[in-house]
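K.L.:
Hey, dropping input07.tsv in here, TSV, C-alpha atoms:
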chain	number	residue	atom	x	y	z
A	1	MET	CA	47.26	66.53	49.14
A	2	TRP	CA	50.76	66.17	50.55
A	3	ALA	CA	51.39	62.99	48.57
A	4	ASP	CA	50.13	64.56	45.34
A	5	LEU	CA	52.37	67.62	45.70
A	6	ALA	CA	55.47	65.83	46.98
A	7	PRO	CA	56.93	64.65	43.62
A	8	VAL	CA	56.66	68.03	41.87
A	9	GLY	CA	60.08	69.51	41.18
A	10	ARG	CA	61.88	66.94	43.32
A	11	ASN	CA	65.45	65.90	42.50
A	12	PRO	CA	65.46	62.07	42.69
A	13	ASP	CA	69.16	62.02	43.61
A	14	THR	CA	69.29	64.64	46.37
A	15	LYS	CA	65.59	64.47	47.38
A	16	GLY	CA	65.67	68.28	47.35
A	17	TYR	CA	63.31	70.55	45.42
A	18	ARG	CA	63.89	72.96	42.54
A	19	ARG	CA	60.56	74.73	42.16
A	20	PHE	CA	61.72	78.00	40.60
A	21	ALA	CA	59.44	80.79	39.44
A	22	TRP	CA	57.89	80.47	35.99
A	23	THR	CA	59.39	77.04	35.25
A	24	GLY	CA	57.73	73.73	34.49
A	25	ALA	CA	57.78	72.71	38.16
A	26	ASP	CA	56.19	76.03	39.09
A	27	ALA	CA	53.48	75.46	36.48
A	28	ASP	CA	52.76	72.01	37.93
A	29	CYS	CA	52.45	73.51	41.43
A	30	ARG	CA	50.05	76.13	40.09
A	31	THR	CA	47.95	73.46	38.39
A	32	TRP	CA	47.81	71.55	41.67
A	33	PHE	CA	46.61	74.69	43.49
A	34	GLN	CA	43.89	75.36	40.92
A	35	GLU	CA	42.70	71.75	41.09
A	36	GLN	CA	42.48	71.92	44.90
A	37	ALA	CA	40.47	75.14	44.67
A	38	GLU	CA	38.05	73.83	42.07
A	39	ALA	CA	37.60	70.52	43.89
A	40	ARG	CA	36.24	72.50	46.86
A	41	GLY	CA	33.96	74.69	44.77
A	42	LEU	CA	36.07	77.79	45.41
A	43	THR	CA	36.30	80.68	42.95
A	44	TYR	CA	39.76	80.55	41.42
A	45	GLU	CA	41.68	83.50	40.00
A	46	THR	CA	45.22	84.65	39.25
A	47	ASP	CA	45.97	88.29	39.98
A	48	ARG	CA	47.99	90.72	37.86
A	49	ASN	CA	51.26	89.65	39.54
A	50	GLY	CA	50.78	85.92	39.09
A	51	ASN	CA	49.63	85.19	42.64
A	52	GLN	CA	46.90	82.56	42.90
A	53	TRP	CA	43.68	83.02	44.90
A	54	ALA	CA	40.88	80.63	45.85
A	55	TRP	CA	37.80	82.39	47.25
A	56	LEU	CA	34.94	81.22	49.43
A	57	GLY	CA	32.32	83.95	49.40
A	58	ASP	CA	32.23	87.25	47.53
A	59	PRO	CA	35.70	88.83	47.21
A	60	ALA	CA	34.10	92.24	46.60
A	61	ALA	CA	32.41	92.14	50.01
A	62	GLY	CA	35.68	93.17	51.66
A	63	ASP	CA	37.11	92.48	55.12
A	64	ALA	CA	38.17	89.02	53.93
A	65	VAL	CA	40.23	86.61	55.99
A	66	VAL	CA	43.07	85.23	53.86
A	67	THR	CA	45.48	82.41	54.54
A	68	GLY	CA	48.14	80.62	52.49
A	69	SER	CA	51.84	80.80	51.71
A	70	HIS	CA	53.98	79.85	48.68
A	71	LEU	CA	54.88	76.75	46.65
A	72	ASP	CA	58.26	77.67	45.15
A	73	SER	CA	61.57	76.60	46.68
A	74	VAL	CA	65.21	77.49	47.08
A	75	PRO	CA	67.71	75.33	45.14
A	76	GLU	CA	67.56	71.82	46.63
A	77	GLY	CA	65.08	73.04	49.23
A	78	GLY	CA	62.92	71.06	51.60
A	79	ALA	CA	59.35	69.89	51.22
A	80	PHE	CA	57.81	72.00	54.00
A	81	ASP	CA	58.96	75.62	53.52
A	82	GLY	CA	55.94	77.19	51.84
A	83	PRO	CA	53.91	74.15	50.77
A	84	LEU	CA	53.02	73.24	54.37
A	85	GLY	CA	51.20	76.56	54.66
A	86	VAL	CA	49.24	76.08	51.44
A	87	VAL	CA	48.32	72.45	52.10
A	88	SER	CA	47.34	73.32	55.68
A	89	SER	CA	45.11	76.14	54.45
A	90	PHE	CA	43.05	73.79	52.28
A	91	ALA	CA	43.00	71.22	55.09
A	92	ALA	CA	41.84	73.88	57.59
A	93	LEU	CA	38.96	74.80	55.28
A	94	ASP	CA	38.03	71.11	55.09
A	95	GLU	CA	38.07	70.97	58.90
A	96	LEU	CA	35.83	74.04	59.20
A	97	ARG	CA	33.34	72.52	56.80
A	98	ARG	CA	33.40	69.30	58.83
A	99	ARG	CA	32.56	71.39	61.89
A	100	GLY	CA	29.65	72.98	60.03
A	101	ALA	CA	31.11	76.46	60.41
A	102	GLU	CA	29.06	79.35	59.05
A	103	PHE	CA	31.20	82.06	57.46
A	104	ALA	CA	30.44	85.70	58.18
A	105	ARG	CA	33.37	87.04	56.14
A	106	PRO	CA	34.85	85.98	52.78
A	107	LEU	CA	37.71	83.52	53.06
A	108	ALA	CA	40.58	83.12	50.59
A	109	ILE	CA	43.53	80.79	50.22
A	110	THR	CA	46.52	82.11	48.31
A	111	ASN	CA	49.80	81.02	46.74
A	112	PHE	CA	52.17	83.95	46.40
A	113	GLY	CA	54.58	83.66	43.48
A	114	ASP	CA	58.38	83.66	43.64
A	115	GLU	CA	58.65	83.99	47.42
A	116	GLU	CA	62.11	82.45	47.66
A	117	GLY	CA	63.69	84.51	44.90
A	118	ALA	CA	65.75	81.50	43.78
A	119	ARG	CA	65.62	82.38	40.10
A	120	PHE	CA	65.80	86.17	39.95
A	121	GLY	CA	67.62	86.91	43.21
A	122	LEU	CA	64.88	88.91	44.94
A	123	ALA	CA	62.64	87.32	47.55
A	124	CYS	CA	58.85	87.78	47.78
A	125	VAL	CA	58.45	89.17	44.26
A	126	GLY	CA	54.72	88.42	44.07
A	127	SER	CA	53.83	90.04	47.38
A	128	ARG	CA	56.29	92.94	46.88
A	129	LEU	CA	54.67	93.81	43.56
A	130	THR	CA	51.19	93.58	45.05
A	131	ALA	CA	52.10	95.79	47.99
A	132	GLY	CA	53.90	98.33	45.80
A	133	GLN	CA	57.28	97.61	47.38
A	134	LEU	CA	58.70	96.59	43.98
A	135	THR	CA	57.98	98.79	40.99
A	136	LYS	CA	57.24	97.53	37.52
A	137	ALA	CA	60.46	99.11	36.27
A	138	GLN	CA	62.49	97.39	38.98
A	139	ALA	CA	60.82	94.06	38.26
A	140	TYR	CA	61.62	94.38	34.57
A	141	GLU	CA	65.32	94.65	35.44
A	142	LEU	CA	65.39	91.28	37.23
A	143	ARG	CA	67.25	88.56	35.34
A	144	ASP	CA	68.14	84.97	36.04
A	145	ALA	CA	71.54	83.32	35.65
A	146	ASP	CA	70.87	82.75	31.94
A	147	GLY	CA	70.04	86.40	31.31
A	148	ILE	CA	66.29	85.77	30.96
A	149	SER	CA	64.30	88.69	32.34
A	150	LEU	CA	61.31	88.35	34.64
A	151	PRO	CA	58.86	89.59	31.97
A	152	GLN	CA	60.32	87.16	29.44
A	153	ALA	CA	59.89	84.28	31.89
A	154	MET	CA	56.33	85.28	32.74
A	155	GLU	CA	55.39	85.61	29.08
A	156	ALA	CA	56.90	82.21	28.27
A	157	ALA	CA	54.77	80.73	31.07
A	158	GLY	CA	51.61	82.24	29.57
A	159	TYR	CA	51.21	85.31	31.79
A	160	ASP	CA	51.02	88.97	30.84
A	161	PRO	CA	54.04	90.87	32.25
A	162	ALA	CA	52.56	94.20	31.10
A	163	ALA	CA	49.94	93.91	33.86
A	164	ILE	CA	52.25	93.59	36.87
A	165	GLY	CA	52.35	96.29	39.51
A	166	PRO	CA	50.73	97.53	42.73
A	167	ASP	CA	47.31	96.06	43.50
A	168	PRO	CA	45.78	98.28	46.21
A	169	GLU	CA	42.21	97.37	45.27
A	170	ARG	CA	42.89	93.70	45.98
A	171	LEU	CA	44.62	94.42	49.27
A	172	ALA	CA	41.70	96.65	50.28
A	173	ARG	CA	39.50	93.54	50.22
A	174	VAL	CA	41.63	91.85	52.90
A	175	GLY	CA	40.90	92.36	56.58
A	176	ALA	CA	43.51	89.90	57.86
A	177	PHE	CA	46.18	87.61	56.44
A	178	VAL	CA	47.39	84.63	58.47
A	179	GLU	CA	50.31	82.57	57.14
A	180	LEU	CA	51.20	79.15	58.53
A	181	HIS	CA	54.82	78.10	58.06
A	182	VAL	CA	57.17	75.41	59.25
A	183	GLU	CA	59.52	76.85	61.86
A	184	GLN	CA	63.00	77.57	60.52
A	185	GLY	CA	64.80	76.85	63.74
A	186	ARG	CA	64.35	74.79	66.93
A	187	ALA	CA	62.62	77.16	69.34
A	188	LEU	CA	59.43	75.10	69.45
A	189	ASP	CA	61.34	71.87	69.77
A	190	LEU	CA	63.13	73.30	72.80
A	191	THR	CA	59.89	74.45	74.46
A	192	GLY	CA	58.00	71.27	73.57
A	193	ASP	CA	55.21	73.10	71.72
A	194	ALA	CA	53.77	71.92	68.40
A	195	VAL	CA	52.62	75.38	67.28
A	196	GLY	CA	53.83	78.93	67.91
A	197	ILE	CA	52.88	82.49	66.97
A	198	ALA	CA	55.28	84.89	65.29
A	199	SER	CA	56.17	88.04	67.20
A	200	ALA	CA	58.51	89.72	64.70
A	201	ILE	CA	60.73	89.16	61.66
A	202	TRP	CA	64.32	90.37	61.89
A	203	PRO	CA	65.45	93.01	59.41
A	204	HIS	CA	67.40	91.40	56.59
A	205	GLY	CA	68.87	92.05	53.18
A	206	ARG	CA	71.03	90.81	50.32
A	207	TRP	CA	74.22	92.45	49.10
A	208	ARG	CA	76.23	91.61	45.96
A	209	PHE	CA	80.02	91.89	46.21
A	210	ASP	CA	81.88	92.06	42.87
A	211	PHE	CA	85.61	91.40	43.23
A	212	ARG	CA	87.47	92.19	39.96
A	213	GLY	CA	91.03	91.12	39.41
A	214	GLU	CA	93.06	89.85	36.46
A	215	ALA	CA	92.63	86.51	34.70
A	216	ASN	CA	95.89	84.66	34.18
A	217	HIS	CA	97.46	81.22	33.94
A	218	ALA	CA	97.33	79.26	37.19
A	219	GLY	CA	100.54	77.43	36.45
A	220	THR	CA	102.83	80.14	35.10
A	221	THR	CA	101.90	83.29	37.04
A	222	ARG	CA	104.03	83.97	40.11
A	223	LEU	CA	102.07	84.45	43.34
A	224	ALA	CA	103.64	87.90	43.69
A	225	ASP	CA	102.33	88.91	40.25
A	226	ARG	CA	98.76	87.84	40.76
A	227	ARG	CA	95.62	89.97	41.19
A	228	ASP	CA	93.46	87.08	42.38
A	229	PRO	CA	89.95	88.16	43.48
A	230	MET	CA	89.31	84.76	45.03
A	231	LEU	CA	91.68	85.58	47.88
A	232	THR	CA	89.81	88.77	48.71
A	233	TYR	CA	86.50	86.96	48.48
A	234	ALA	CA	87.69	84.21	50.84
A	235	GLU	CA	88.96	86.73	53.37
A	236	THR	CA	85.63	88.56	53.16
A	237	VAL	CA	83.71	85.36	53.91
A	238	LEU	CA	85.75	84.91	57.08
A	239	ALA	CA	85.24	88.57	57.98
A	240	ALA	CA	81.47	88.10	57.64
A	241	ARG	CA	81.58	85.27	60.16
A	242	ARG	CA	83.62	87.36	62.61
A	243	GLU	CA	81.37	90.42	62.33
A	244	ALA	CA	78.22	88.34	62.80
A	245	GLU	CA	79.60	86.56	65.85
A	246	LEU	CA	80.62	89.84	67.48
A	247	ALA	CA	77.16	91.34	66.96
A	248	GLY	CA	75.01	88.30	67.75
A	249	ALA	CA	73.68	88.35	64.19
A	250	VAL	CA	73.99	86.11	61.13
A	251	ALA	CA	75.82	86.71	57.85
A	252	THR	CA	76.16	84.20	55.04
A	253	PHE	CA	77.83	84.11	51.63
A	254	GLY	CA	75.78	81.30	50.11
A	255	LYS	CA	76.00	82.00	46.39
A	256	ILE	CA	79.04	82.63	44.20
A	257	SER	CA	79.76	83.20	40.50
A	258	VAL	CA	83.27	82.97	39.09
A	259	GLU	CA	84.70	84.05	35.72
A	260	PRO	CA	86.19	82.45	33.72
A	261	ASN	CA	85.60	79.54	36.13
A	262	GLY	CA	88.45	77.37	34.91
A	263	VAL	CA	90.44	74.97	37.07
A	264	ASN	CA	93.72	76.22	35.62
A	265	ALA	CA	92.79	79.90	35.44
A	266	ILE	CA	93.12	82.70	37.99
A	267	PRO	CA	89.67	84.34	38.12
A	268	SER	CA	89.03	87.77	36.66
A	269	LEU	CA	85.77	88.17	38.60
A	270	VAL	CA	84.38	86.63	41.77
A	271	ARG	CA	80.82	87.67	42.53
A	272	GLY	CA	79.44	86.70	45.92
A	273	TRP	CA	76.04	87.33	47.48
A	274	LEU	CA	75.80	88.16	51.17
A	275	ASP	CA	72.65	87.46	53.19
A	276	SER	CA	72.66	89.12	56.61
A	277	ARG	CA	70.04	89.39	59.37
A	278	ALA	CA	69.93	90.81	62.88
A	279	ALA	CA	67.48	91.55	65.67
A	280	ASP	CA	67.44	95.27	64.85
A	281	GLU	CA	68.48	97.54	62.00
A	282	THR	CA	71.31	99.22	63.90
A	283	THR	CA	72.97	95.87	64.52
A	284	LEU	CA	72.43	94.81	60.92
A	285	ASP	CA	74.02	98.03	59.66
A	286	THR	CA	76.98	97.49	62.00
A	287	VAL	CA	77.52	93.97	60.66
A	288	THR	CA	77.23	94.79	56.95
A	289	SER	CA	79.32	97.97	57.26
A	290	GLY	CA	82.01	95.99	59.05
A	291	ILE	CA	82.02	93.33	56.35
A	292	GLU	CA	82.29	95.93	53.57
A	293	LYS	CA	85.08	97.79	55.38
A	294	ALA	CA	87.07	94.58	55.75
A	295	ALA	CA	86.44	93.62	52.12
A	296	ARG	CA	87.72	96.98	50.88
A	297	ALA	CA	90.85	96.68	53.01
A	298	TYR	CA	91.56	93.23	51.60
A	299	ALA	CA	90.83	94.44	48.06
A	300	ASP	CA	93.28	97.34	48.37
A	301	ARG	CA	95.96	94.98	49.66
A	302	HIS	CA	95.59	92.61	46.69
A	303	GLY	CA	94.97	95.19	43.94
A	304	ILE	CA	91.34	94.16	43.51
A	305	ASP	CA	88.50	96.43	42.41
A	306	LEU	CA	85.41	96.04	44.60
A	307	THR	CA	81.81	97.04	43.98
A	308	VAL	CA	79.08	96.45	46.60
A	309	VAL	CA	75.41	96.68	45.68
A	310	ARG	CA	72.50	96.25	48.10
A	311	GLU	CA	70.03	94.24	46.02
A	312	SER	CA	67.23	94.01	48.58
A	313	PHE	CA	66.36	95.08	52.10
A	314	THR	CA	63.42	94.38	54.40
A	315	PRO	CA	63.12	96.37	57.63
A	316	VAL	CA	62.10	94.81	60.93
A	317	VAL	CA	58.51	93.56	60.95
A	318	GLU	CA	56.73	93.71	64.28
A	319	PHE	CA	53.45	91.90	63.67
A	320	GLY	CA	50.44	93.95	64.77
A	321	HIS	CA	49.70	93.23	68.41
A	322	ALA	CA	45.92	93.42	67.99
A	323	LEU	CA	45.68	90.53	65.52
A	324	ARG	CA	48.52	88.65	67.20
A	325	ASP	CA	46.84	88.88	70.61
A	326	GLU	CA	43.47	87.90	69.14
A	327	ILE	CA	45.02	84.79	67.63
A	328	ALA	CA	46.75	83.95	70.91
A	329	ALA	CA	43.37	84.17	72.66
A	330	LEU	CA	41.72	81.99	70.02
A	331	LEU	CA	44.38	79.36	70.69
A	332	GLY	CA	43.75	79.54	74.43
A	333	GLY	CA	47.18	80.93	75.24
A	334	ARG	CA	48.78	77.59	74.46
A	335	ALA	CA	51.04	78.84	71.64
A	336	PRO	CA	54.25	80.69	72.59
A	337	LEU	CA	55.45	83.84	70.82
A	338	LEU	CA	58.73	83.64	68.94
A	339	GLY	CA	60.73	85.82	66.59
A	340	THR	CA	62.34	84.67	63.36
A	341	GLY	CA	65.20	85.64	61.12
A	342	ALA	CA	63.43	84.37	58.01
A	343	GLY	CA	61.48	86.62	55.64
A	344	HIS	CA	57.93	85.81	54.55
A	345	ASP	CA	55.11	87.20	52.41
A	346	ALA	CA	53.27	88.01	55.65
A	347	GLY	CA	56.12	90.32	56.56
A	348	ILE	CA	55.94	92.14	53.23
A	349	LEU	CA	52.16	92.55	53.43
A	350	SER	CA	52.24	93.74	57.05
A	351	ALA	CA	52.87	97.32	55.90
A	352	SER	CA	49.56	97.27	54.01
A	353	ILE	CA	47.18	94.95	55.89
A	354	PRO	CA	46.97	93.23	59.31
A	355	THR	CA	49.07	90.05	59.18
A	356	ALA	CA	50.08	87.26	61.52
A	357	MET	CA	51.95	83.95	61.37
A	358	LEU	CA	51.72	80.52	62.91
A	359	PHE	CA	54.77	78.25	63.10
A	360	VAL	CA	54.77	74.44	63.17
A	361	ARG	CA	57.54	72.66	65.07
A	362	ASN	CA	60.59	71.52	63.10
A	363	PRO	CA	62.54	69.07	65.31
A	364	THR	CA	65.65	69.15	63.11
A	365	GLY	CA	65.81	72.94	63.10
A	366	VAL	CA	66.97	72.61	59.49
A	367	SER	CA	65.42	74.62	56.66
A	368	HIS	CA	66.21	75.28	52.99
A	369	SER	CA	67.46	71.70	52.86
A	370	PRO	CA	65.99	68.24	52.20
A	371	ALA	CA	66.48	67.59	55.94
A	372	GLU	CA	63.71	70.08	56.73
A	373	TYR	CA	60.99	68.20	58.59
A	374	ALA	CA	57.78	68.36	60.58
A	375	ALA	CA	56.10	65.32	62.13
A	376	GLU	CA	52.63	64.42	60.90
A	377	ASP	CA	51.10	64.92	64.36
A	378	ASP	CA	52.55	68.43	64.50
A	379	CYS	CA	51.31	69.19	60.99
A	380	VAL	CA	47.82	68.12	62.05
A	381	ALA	CA	48.15	70.29	65.16
A	382	GLY	CA	49.03	73.17	62.85
A	383	VAL	CA	45.95	72.55	60.70
A	384	LEU	CA	43.68	72.45	63.76
A	385	ALA	CA	45.24	75.62	65.16
A	386	LEU	CA	44.80	77.38	61.82
A	387	ALA	CA	41.19	76.17	61.64
A	388	ASP	CA	40.56	77.54	65.15
A	389	VAL	CA	42.03	80.89	64.11
A	390	LEU	CA	40.06	81.09	60.87
A	391	GLU	CA	36.87	80.08	62.67
A	392	GLY	CA	37.38	82.82	65.23
A	393	LEU	CA	38.14	85.44	62.61
A	394	ALA	CA	35.77	84.56	59.76
A	395	CYS	CA	32.83	82.60	61.18
A	396	ARG	CA	29.71	83.44	63.15
In structure tokens, how does this file's structure come out?
P.N.:
Amino acid sequence: MWADLAPVGRNPDTKGYRRFAWTGADADCRTWFQEQAEARGLTYETDRNGNQWAWLGDPAAGDAVVTGSHLDSVPEGGAFDGPLGVVSSFAALDELRRRGAEFARPLAITNFGDEEGARFGLACVGSRLTAGQLTKAQAYELRDADGISLPQAMEAAGYDPAAIGPDPERLARVGAFVELHVEQGRALDLTGDAVGIASAIWPHGRWRFDFRGEANHAGTTRLADRRDPMLTYAETVLAARREAELAGAVATFGKISVEPNGVNAIPSLVRGWLDSRAADETTLDTVTSGIEKAARAYADRHGIDLTVVRESFTPVVEFGHALRDEIAALLGGRAPLLGTGAGHDAGILSASIPTAMLFVRNPTGVSHSPAEYAAEDDCVAGVLALADVLEGLACR
């Protein structure tokens, strides 16, 4: 399975992945998922929001145990973030069948669409729509860098955008959702454990900073006469680092858009996107408020107009202790608990259904990069742990 999926959406030069929502690479990933489902005799379906489901047993019976993750990527992303969870889910089902497990509850494997938000700028679109945390009207306003709207992209890919929206009936079928994911950090590497259990997801959000100045000639305009938004943006990036360090949080300007984007032109607009995360919401608010305050001070000094828009926000997710503790017991207490600053579909769904997460060791600690990695032995350990969990939750 891993070998079949590996080439899809891969950049041969960088070895990174560009599996963006509703593109050709996304379609190939979806075809792969459907083929895996049908090869195992599972009932395949796509829900109203474009999420894929593969069912063992009667979905209408309710109290289903669901596992899975996502197949899309960030720009030039790694091979493991998302796909490891989906591949491991199918492999765990194969392992349970090898054991001769008898299922007492329906089991489903899922691929949630547009988890990374690489194309439209909002993470976990598929799960947010399903859980009612993103309205149809809000989804219709999402646009990519080329101005293509989410409904236009879905329609071009052969899906019906008129159907998107909350799906409470589907969620009511689910008794537990367990997502396996490669660790995005080195906590497990430092403890020497192959597999861990998530305790909580830090609160996090994305903010867009629009710095508007005055376009002019780079060679003929005196420094004293310039209204250069790039200066204010650069000072704001440094302020973000300072505020994050002071608070023990993280803050990153990782995406930028410049107009007119000419080598010999002073920009008229610099648009930067801030991603910030902290252990609690008070700290996160302190960091982002400090960054905005500094940005406005710099903007006033340079004659720059500044607009700040919070494009997304996810509050702290403390995974339910009942399911988390049950999973820990099923794994014999051998998997440590660890928090994470990364968002996941499991975190979005936790407000609606019981959710939990397993992490697989990443010795590099690198994620959202081609250097992301998990050793084969650890991946197998993750599959066996997931199989143990699913057996304990769904089998007689």
K.L.:
I need the residue nearest Val237 (chain A) from this list: A:Val65, A:Ala294, A:Leu188, A:Ala279. Use all atoms listed in the file for the distance.
P.N.:
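Going through A:Val65, A:Ala294, A:Leu188, A:Ala279 one by one, the smallest distance to Val237 (chain A) is for A:Ala294.
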K.L.:
Find the residue from A:Ala54, A:Ala6, A:Ala356, A:Ala251 that sits nearest to Gly41 (chain A); use all atoms listed in the file when measuring.
P.N.:
A:Ala54
K.L.:
With a distance cut-off of 9 Å and only C-alpha atoms, select the neighbouring residues of Arg324 (chain A), excluding the residue or stretch itself and same-chain residues fewer than 6 positions from it, and output the selection as an NGL selection string.
P.N.:
:A and (197-199 or 355-357)
K.L.:
Which residue, A:Val125, A:Ala385, A:Leu274, A:Ala394, has the smallest gap to Ala139 (chain A) when you use all atoms listed in the file?
P.N.:
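Of A:Val125, A:Ala385, A:Leu274, A:Ala394, the one nearest Ala139 (chain A) is A:Val125, counting all atoms listed in the file.
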K.L.:
Name the residues in contact with region 302-317 of chain A at a cut-off of 6 Å, using all atoms listed in the file, excluding same-chain residues fewer than 6 positions from it; report them as an NGL selection string.
P.N.:
:A and (200-213 or 227 or 347)
K.L.:
Hey, could you make a per-residue contact list for region 202-233 of chain A against region 254-266 of chain A with 9 Å as the cut-off, showing the nearest pair of atoms and its distance in Å to one decimal, counting all atoms listed in the file, sorted by chain and number, as a Markdown table?
P.N.:
| residue | atom | partner | partner_atom | distance |
| --- | --- | --- | --- | --- |
| A:Gly213 | CA | A:Ile266 | CA | 8.8 |
| A:Glu214 | CA | A:Ile266 | CA | 7.3 |
| A:Ala215 | CA | A:Ile266 | CA | 5.1 |
| A:Asn216 | CA | A:Ile266 | CA | 5.1 |
| A:His217 | CA | A:Ala265 | CA | 5.1 |
| A:Ala218 | CA | A:Ala265 | CA | 4.9 |
| A:Gly219 | CA | A:Asn264 | CA | 7.0 |
| A:Thr221 | CA | A:Ile266 | CA | 8.9 |
| A:Arg226 | CA | A:Ile266 | CA | 8.1 |
| A:Arg227 | CA | A:Ile266 | CA | 8.3 |
| A:Asp228 | CA | A:Ile266 | CA | 6.2 |
| A:Pro229 | CA | A:Ile266 | CA | 8.4 |
| A:Met230 | CA | A:Ile266 | CA | 8.3 |
K.L.:
Produce a file of the selected residues containing C-alpha atoms, as a PDB file, in the coordinates of the input.
P.N.:
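The file below, out_7.pdb, is the result:
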ATOM      1  CA  GLY A 213      91.030  91.120  39.410  1.00  0.00           C
ATOM      2  CA  GLU A 214      93.060  89.850  36.460  1.00  0.00           C
ATOM      3  CA  ALA A 215      92.630  86.510  34.700  1.00  0.00           C
ATOM      4  CA  ASN A 216      95.890  84.660  34.180  1.00  0.00           C
ATOM      5  CA  HIS A 217      97.460  81.220  33.940  1.00  0.00           C
ATOM      6  CA  ALA A 218      97.330  79.260  37.190  1.00  0.00           C
ATOM      7  CA  GLY A 219     100.540  77.430  36.450  1.00  0.00           C
ATOM      8  CA  THR A 221     101.900  83.290  37.040  1.00  0.00           C
ATOM      9  CA  ARG A 226      98.760  87.840  40.760  1.00  0.00           C
ATOM     10  CA  ARG A 227      95.620  89.970  41.190  1.00  0.00           C
ATOM     11  CA  ASP A 228      93.460  87.080  42.380  1.00  0.00           C
ATOM     12  CA  PRO A 229      89.950  88.160  43.480  1.00  0.00           C
ATOM     13  CA  MET A 230      89.310  84.760  45.030  1.00  0.00           C
TER      14      MET A 230
END
K.L.:
Which residues, protein or nucleic acid, reach to within 8 Å of (47.8, 93.0, 45.4) in the file's coordinates when using all atoms listed in the file, and can you give that as a PyMOL selection string?
P.N.:
chain A and resi 47-49+127+129-131+166-171
K.L.:
When you count only C-alpha atoms, which of these residues is closest to Ala92 (chain A): A:Gln138, A:Arg10, A:Gly77, A:Gly68?
P.N.:
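Going through A:Gln138, A:Arg10, A:Gly77, A:Gly68 one by one, the smallest distance to Ala92 (chain A) is for A:Gly68.
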K.L.:
From the list A:Arg277, A:Arg40, A:His70, A:Lys136, which residue is nearest Arg97 (chain A) when using all atoms listed in the file?
P.N.:
A:Arg40
K.L.:
Hey, which of A:Ile291, A:Ile109, A:Leu96, A:Ala371 ends up closest to Asn51 (chain A)? Count all atoms listed in the file.
P.N.:
A:Ile109
K.L.:
Quick one: pull the distance between CA of Asp63 (chain A) and CA of Arg173 (chain A), Å, one decimal.
P.N.:
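Taking CA of Asp63 (chain A) as the start and CA of Arg173 (chain A) as the end point, the length is 5.6 Å.
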K.L.:
Extending 5 Å beyond the listed atoms of region 22-31 of chain A on each side, what axis-aligned box results? I want centre and edge lengths in Å to one decimal, as JSON.
P.N.:
{"center_x": 53.7, "center_y": 76.2, "center_z": 38.0, "size_x": 21.4, "size_y": 18.5, "size_z": 16.9}
K.L.:
Quick one: everything within 7 Å of Leu330 (chain A), counting all atoms listed in the file, minus sequence neighbours fewer than 3 positions away in the same chain. Send it as number ranges by chain.
P.N.:
A: 326-327, 388-389, 392
K.L.:
Skip Cys29 (chain A) itself and residues of its chain fewer than 2 positions away, then list as an MDAnalysis selection string all residues within 9 Å of it, counting all atoms listed in the file.
P.N.:
chainID A and resid 5 8:9 19 24:27 31:34 71:72
K.L.:
The selected residues should be written to file as a PDB file, in the frame of the given file (atoms: C-alpha atoms).
P.N.:
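Contents of the output file result19.pdb:
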ATOM      1  CA  LEU A   5      52.370  67.620  45.700  1.00  0.00           C
ATOM      2  CA  VAL A   8      56.660  68.030  41.870  1.00  0.00           C
ATOM      3  CA  GLY A   9      60.080  69.510  41.180  1.00  0.00           C
ATOM      4  CA  ARG A  19      60.560  74.730  42.160  1.00  0.00           C
ATOM      5  CA  GLY A  24      57.730  73.730  34.490  1.00  0.00           C
ATOM      6  CA  ALA A  25      57.780  72.710  38.160  1.00  0.00           C
ATOM      7  CA  ASP A  26      56.190  76.030  39.090  1.00  0.00           C
ATOM      8  CA  ALA A  27      53.480  75.460  36.480  1.00  0.00           C
ATOM      9  CA  THR A  31      47.950  73.460  38.390  1.00  0.00           C
ATOM     10  CA  TRP A  32      47.810  71.550  41.670  1.00  0.00           C
ATOM     11  CA  PHE A  33      46.610  74.690  43.490  1.00  0.00           C
ATOM     12  CA  GLN A  34      43.890  75.360  40.920  1.00  0.00           C
ATOM     13  CA  LEU A  71      54.880  76.750  46.650  1.00  0.00           C
ATOM     14  CA  ASP A  72      58.260  77.670  45.150  1.00  0.00           C
TER      15      ASP A  72
END
K.L.:
Name all residues at most 6 Å from Asn362 (chain A) (count all atoms listed in the file; drop same-chain ones fewer than 3 positions away) and give them as a VMD selection string.
P.N.:
chain A and resid 183 365 373 to 374
K.L.:
As an exercise, work out the distance from CA of Ala322 (chain A) to CA of Arg334 (chain A) in Å and give it to one decimal place.
P.N.:
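Pair CA of Ala322 (chain A) / CA of Arg334 (chain A) returns 17.3 Å.
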K.L.:
With all atoms listed in the file counted, which protein, DNA or RNA residues have an atom no more than 9 Å from (66.6, 75.6, 50.0) in the file frame? Please answer as a list in words.
P.N.:
Gly16, Tyr17, Arg18, Ser73, Val74, Pro75, Glu76, Gly77, Gly78, Asp81, Glu116, Ala118, Ser367, His368, Ser369 and Pro370 of chain A
K.L.:
Work out how far apart CA of Tyr233 (chain A) and CA of Thr282 (chain A) are and give it in Å to one decimal.
P.N.:
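Pair CA of Tyr233 (chain A) / CA of Thr282 (chain A) returns 24.9 Å.
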